[in-house]
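Structure file my_file.cif with mmCIF, C-alpha atoms:
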```
data_structure
#
loop_
_atom_site.label_atom_id
_atom_site.label_comp_id
_atom_site.auth_asym_id
_atom_site.auth_seq_id
_atom_site.Cartn_x
_atom_site.Cartn_y
_atom_site.Cartn_z
CA MET A 1 48.74 -16.31 -116.65
CA ASN A 2 48.69 -19.81 -115.19
CA THR A 3 45.08 -20.88 -114.86
CA PRO A 4 43.99 -24.18 -113.24
CA SER A 5 41.01 -26.34 -114.25
CA ASN A 6 37.67 -25.64 -112.62
CA MET A 7 37.22 -29.40 -112.02
CA LEU A 8 33.68 -30.08 -113.23
CA ALA A 9 31.84 -32.51 -110.93
CA LEU A 10 32.55 -36.22 -111.58
CA GLY A 11 29.49 -38.02 -112.92
CA THR A 12 28.44 -35.00 -115.01
CA LYS A 13 26.97 -36.03 -118.38
CA ALA A 14 29.06 -34.80 -121.28
CA PRO A 15 27.39 -31.62 -122.55
CA PHE A 16 26.22 -32.18 -126.13
CA PHE A 17 27.84 -30.20 -128.93
CA GLU A 18 27.85 -29.82 -132.70
CA LEU A 19 30.84 -27.87 -134.01
CA PRO A 20 32.60 -27.28 -137.34
CA ASN A 21 35.83 -29.13 -138.09
CA PRO A 22 38.06 -26.74 -140.07
CA SER A 23 40.23 -29.64 -141.34
CA LYS A 24 37.14 -31.25 -142.89
CA ALA A 25 35.86 -28.18 -144.81
CA ASN A 26 33.96 -27.07 -141.66
CA GLU A 27 31.81 -30.21 -141.63
CA ILE A 28 29.63 -30.09 -138.51
CA GLN A 29 30.57 -32.91 -136.15
CA SER A 30 28.73 -33.80 -132.96
CA LEU A 31 29.67 -35.52 -129.75
CA GLU A 32 27.31 -38.36 -130.74
CA ASP A 33 29.10 -38.81 -134.10
CA LEU A 34 32.58 -38.78 -132.64
CA LYS A 35 32.37 -40.40 -129.20
CA GLY A 36 34.40 -43.53 -128.47
CA GLU A 37 32.88 -46.93 -127.81
CA LYS A 38 34.50 -47.21 -124.36
CA GLY A 39 35.56 -43.67 -123.55
CA THR A 40 35.88 -40.15 -124.91
CA LEU A 41 38.54 -37.59 -124.01
CA VAL A 42 37.48 -34.00 -124.69
CA ILE A 43 40.45 -31.62 -124.78
CA PHE A 44 40.13 -27.83 -124.81
CA MET A 45 43.26 -26.57 -126.51
CA CYS A 46 44.56 -24.06 -129.02
CA ASN A 47 47.43 -23.60 -131.46
CA HIS A 48 49.72 -21.11 -129.76
CA CYS A 49 49.61 -21.85 -126.02
CA PRO A 50 53.02 -22.97 -124.67
CA PHE A 51 51.30 -25.48 -122.36
CA VAL A 52 49.59 -27.13 -125.35
CA LEU A 53 52.79 -27.11 -127.42
CA HIS A 54 54.53 -28.77 -124.47
CA VAL A 55 52.17 -31.79 -124.51
CA ILE A 56 50.69 -32.10 -128.02
CA ASP A 57 53.12 -34.79 -129.20
CA LYS A 58 52.36 -36.92 -126.12
CA ILE A 59 48.61 -36.41 -126.61
CA ASN A 60 49.06 -37.70 -130.16
CA GLU A 61 51.07 -40.70 -128.90
CA LEU A 62 48.33 -41.53 -126.36
CA TYR A 63 45.74 -41.26 -129.13
CA GLU A 64 47.71 -43.74 -131.24
CA ASP A 65 47.97 -46.10 -128.24
CA TYR A 66 44.34 -45.96 -127.11
CA ASN A 67 42.21 -45.18 -130.14
CA ASP A 68 42.09 -48.83 -131.24
CA LYS A 69 41.04 -49.77 -127.68
CA GLY A 70 37.79 -47.80 -128.03
CA ILE A 71 38.88 -44.43 -126.64
CA GLU A 72 38.28 -41.41 -128.89
CA PHE A 73 39.84 -37.96 -128.50
CA ILE A 74 38.04 -34.74 -129.49
CA ALA A 75 39.95 -31.45 -129.33
CA ILE A 76 38.11 -28.12 -129.20
CA ASN A 77 39.48 -24.61 -129.68
CA ALA A 78 37.28 -21.93 -128.05
CA ASN A 79 39.69 -18.98 -128.07
CA ASP A 80 38.64 -15.53 -129.25
CA VAL A 81 40.38 -15.46 -132.64
CA GLU A 82 39.82 -11.76 -133.16
CA LYS A 83 42.16 -10.99 -130.30
CA TYR A 84 44.30 -14.12 -130.90
CA PRO A 85 44.56 -14.61 -134.68
CA ALA A 86 47.13 -17.41 -134.16
CA ASP A 87 44.17 -19.58 -133.09
CA ALA A 88 42.00 -18.87 -136.16
CA PRO A 89 40.39 -21.87 -137.92
CA GLU A 90 42.78 -21.80 -140.90
CA LYS A 91 45.67 -21.87 -138.40
CA MET A 92 44.02 -24.87 -136.68
CA ILE A 93 44.34 -26.74 -139.99
CA GLU A 94 48.02 -25.78 -140.26
CA PHE A 95 48.64 -26.80 -136.64
CA GLN A 96 46.98 -30.19 -137.19
CA ILE A 97 49.11 -30.85 -140.28
CA GLU A 98 52.31 -29.60 -138.66
CA ARG A 99 51.80 -31.68 -135.50
CA ASN A 100 50.41 -34.61 -137.46
CA PHE A 101 47.44 -35.61 -135.29
CA ASP A 102 44.36 -37.40 -136.62
CA PHE A 103 41.79 -36.79 -133.91
CA PRO A 104 39.13 -34.16 -134.68
CA TYR A 105 39.96 -30.55 -133.82
CA LEU A 106 36.76 -28.50 -133.66
CA TYR A 107 36.13 -24.77 -133.48
CA ASP A 108 33.83 -23.37 -130.76
CA GLU A 109 33.38 -19.85 -132.11
CA SER A 110 30.54 -18.89 -129.74
CA GLN A 111 32.44 -20.34 -126.74
CA ALA A 112 29.16 -21.94 -125.63
CA VAL A 113 30.68 -25.44 -125.50
CA ALA A 114 33.65 -24.31 -123.42
CA LYS A 115 31.19 -22.66 -121.02
CA ALA A 116 29.04 -25.81 -120.85
CA TYR A 117 32.14 -27.80 -119.84
CA ASP A 118 33.26 -25.07 -117.42
CA ALA A 119 36.60 -25.15 -119.23
CA ALA A 120 39.20 -22.71 -117.91
CA CYS A 121 42.57 -23.38 -119.48
CA THR A 122 44.43 -24.84 -122.44
CA PRO A 123 44.89 -27.74 -122.22
CA ASP A 124 41.88 -28.80 -120.15
CA PHE A 125 41.04 -32.54 -120.18
CA TYR A 126 37.66 -34.25 -119.63
CA PHE A 127 37.40 -38.04 -119.82
CA PHE A 128 33.98 -39.67 -120.12
CA ASP A 129 33.04 -43.35 -120.02
CA GLY A 130 30.96 -45.19 -122.62
CA LYS A 131 27.76 -43.70 -121.14
CA LEU A 132 29.31 -40.21 -121.42
CA ASP A 133 29.56 -39.80 -117.63
CA LEU A 134 32.60 -37.79 -116.46
CA ILE A 135 35.10 -40.10 -114.74
CA TYR A 136 38.31 -38.05 -114.87
CA ARG A 137 39.18 -34.40 -115.31
CA GLY A 138 42.38 -32.61 -114.61
CA GLN A 139 45.99 -32.79 -115.69
CA MET A 140 47.63 -35.08 -118.22
CA ASP A 141 50.68 -35.40 -115.95
CA ASP A 142 52.89 -33.29 -113.65
CA SER A 143 54.98 -31.78 -116.44
CA ARG A 144 54.71 -28.08 -117.24
CA PRO A 145 56.85 -25.93 -119.52
CA GLY A 146 60.06 -25.17 -117.63
CA ASN A 147 59.59 -27.49 -114.61
CA ASN A 148 62.01 -30.11 -116.02
CA LYS A 149 59.59 -33.00 -115.43
CA ASP A 150 59.21 -35.48 -118.28
CA VAL A 151 55.99 -35.44 -120.27
CA THR A 152 54.64 -38.94 -119.51
CA GLY A 153 50.86 -38.67 -119.86
CA GLU A 154 50.73 -40.64 -116.62
CA ASP A 155 47.50 -39.28 -115.12
CA LEU A 156 45.56 -39.84 -118.34
CA ILE A 157 47.10 -43.29 -118.85
CA ILE A 158 45.96 -44.31 -115.34
CA ALA A 159 42.44 -43.03 -116.08
CA PHE A 160 42.33 -44.89 -119.43
CA GLU A 161 43.68 -48.14 -117.95
CA ASN A 162 41.27 -47.98 -114.99
CA LEU A 163 38.35 -47.60 -117.40
CA LEU A 164 39.51 -50.43 -119.67
CA LEU A 165 40.10 -52.75 -116.68
CA GLY A 166 36.80 -51.82 -115.00
CA GLU A 167 38.64 -50.40 -111.99
CA PRO A 168 37.56 -47.33 -110.02
CA GLN A 169 39.24 -44.03 -110.88
CA GLU A 170 41.80 -42.39 -108.61
CA GLU A 171 40.19 -40.35 -105.85
CA ILE A 172 42.77 -37.59 -106.09
CA GLN A 173 42.63 -35.87 -109.47
CA ARG A 174 44.89 -32.86 -109.92
CA PRO A 175 43.80 -29.86 -111.98
CA SER A 176 45.35 -29.21 -115.34
CA MET A 177 47.22 -25.93 -115.64
CA GLY A 178 47.63 -23.74 -118.67
CA CYS A 179 46.89 -20.45 -120.32
CA ASN A 180 43.41 -19.18 -119.64
CA ILE A 181 40.87 -19.64 -122.42
CA LYS A 182 40.74 -16.35 -124.30
CA TRP A 183 37.15 -15.30 -123.60
CA LYS A 184 35.39 -12.69 -125.71
#
```
Can you turn what I pasted into structure tokens?
Amino acid sequence: MNTPSNMLALGTKAPFFELPNPSKANEIQSLEDLKGEKGTLVIFMCNHCPFVLHVIDKINELYEDYNDKGIEFIAINANDVEKYPADAPEKMIEFQIERNFDFPYLYDESQAVAKAYDAACTPDFYFFDGKLDLIYRGQMDDSRPGNNKDVTGEDLIIAFENLLLGEPQEEIQRPSMGCNIKWK
């Protein structure tokens, strides 16, 4: 089922969270610990969703390009792992190793964080400035599995560059699209 983002209101303060990181022996990591100096991209994603698999390598590339510029990425998996065992925490570790990404990938077992962000789909992107105010939410780019458009990361790149240059964000922000979050 193709589910679009709910498009949380711009200017919303990033909801606080503390979640375990399966790749770090379930160490509890918080938004405060992880946030970037200039910006923080929160990504709701999972291991098995074709929409996530379609973009994960580009997300990793963007992370490598922007992390040293003060932008941090935090990925969160909120899927119901009883119904979707492919998204279980031990599989998150495997997925992180297999796809070779370094940004934290946290597990929201209660789904409370996903609800606080009004997340709807995987992947769902939320970009906050240095004060943790929401400045961009929506798609990474126009590419979807099967639509033959290149995965460019364009919409996120524009949002990152606007922040770094002190420019206003685009007025038109298009929703992300993906599999629905697997609610309990």
Target residues per the PyMOL selection byres ((chain A and resi 140) around 6), formatted as a ChimeraX atom specification:
/A:139,141,153,155-156
Select all residues near (27.7, -36.7, -132.8) (cut-off 10 Å, inclusive, file coordinates), counting all atoms listed in the file, and output them as an MDAnalysis selection string.
chainID A and resid 16:19 28:35
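Counting only C-alpha atoms and comparing A:Asn77, A:Thr152, A:Asn2, A:Asn47, the residue that lies closest to Lys91 in chain A is A:Asn47.
Checking A:Phe101, A:Tyr126, A:Tyr66, A:Trp183 one by one against Asn6 in chain A, counting all atoms listed in the file, you find the shortest gap at A:Tyr126.
What the PyMOL selection byres ((chain A and resi 110) around 12) grabs from this file is A:Phe17, A:Glu18, A:Leu19, A:Pro20, A:Ile76, A:Asn77, A:Ala78, A:Asn79, A:Asp80, A:Val81, A:Tyr107, A:Asp108, A:Glu109, A:Gln111, A:Ala112, A:Val113, A:Ala114, A:Lys115, A:Ala116, A:Lys182, A:Trp183, A:Lys184.
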Give me, as CSV, the closest atom pair and its distance (Å, one decimal) for every residue of range 58-133 of chain A within a cut-off of 12 Å of range 38-41 of chain A, counting only C-alpha atoms, rows sorted by chain and rising number.
```
residue,atom,partner,partner_atom,distance
A:Ile59,CA,A:Leu41,CA,10.5
A:Leu62,CA,A:Leu41,CA,10.8
A:Tyr63,CA,A:Leu41,CA,9.6
A:Tyr66,CA,A:Gly39,CA,9.7
A:Asn67,CA,A:Gly39,CA,9.5
A:Asp68,CA,A:Lys38,CA,10.4
A:Lys69,CA,A:Lys38,CA,7.8
A:Gly70,CA,A:Lys38,CA,5.0
A:Ile71,CA,A:Gly39,CA,4.6
A:Glu72,CA,A:Thr40,CA,4.8
A:Phe73,CA,A:Leu41,CA,4.7
A:Ile74,CA,A:Leu41,CA,6.2
A:Ala75,CA,A:Leu41,CA,8.2
A:Ile76,CA,A:Leu41,CA,10.8
A:Phe103,CA,A:Leu41,CA,10.5
A:Pro104,CA,A:Leu41,CA,11.2
A:Pro123,CA,A:Leu41,CA,11.9
A:Asp124,CA,A:Leu41,CA,10.2
A:Phe125,CA,A:Leu41,CA,6.8
A:Tyr126,CA,A:Leu41,CA,5.6
A:Phe127,CA,A:Leu41,CA,4.4
A:Phe128,CA,A:Thr40,CA,5.2
A:Asp129,CA,A:Gly39,CA,4.3
A:Gly130,CA,A:Lys38,CA,4.4
A:Lys131,CA,A:Gly39,CA,8.2
A:Leu132,CA,A:Thr40,CA,7.4
A:Asp133,CA,A:Gly39,CA,9.3
```
Kindly resolve the PyMOL selection byres ((chain A and resi 162-169) around 8) on the present coordinates and return the residues as a list in words.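 Applying the PyMOL selection byres ((chain A and resi 162-169) around 8) to the structure shown produces Lys38, Gly39, Asp129, Ile135, Tyr136, Ile158, Ala159, Phe160, Glu161, Glu170 and Glu171 of chain A.
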Residue nearest Ile157 in chain A - candidates A:Glu61, A:Asn100, A:Ile172, A:Asp87, atoms counted: all atoms listed in the file
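Ranked by minimum distance to Ile157 in chain A, first place goes to A:Glu61.
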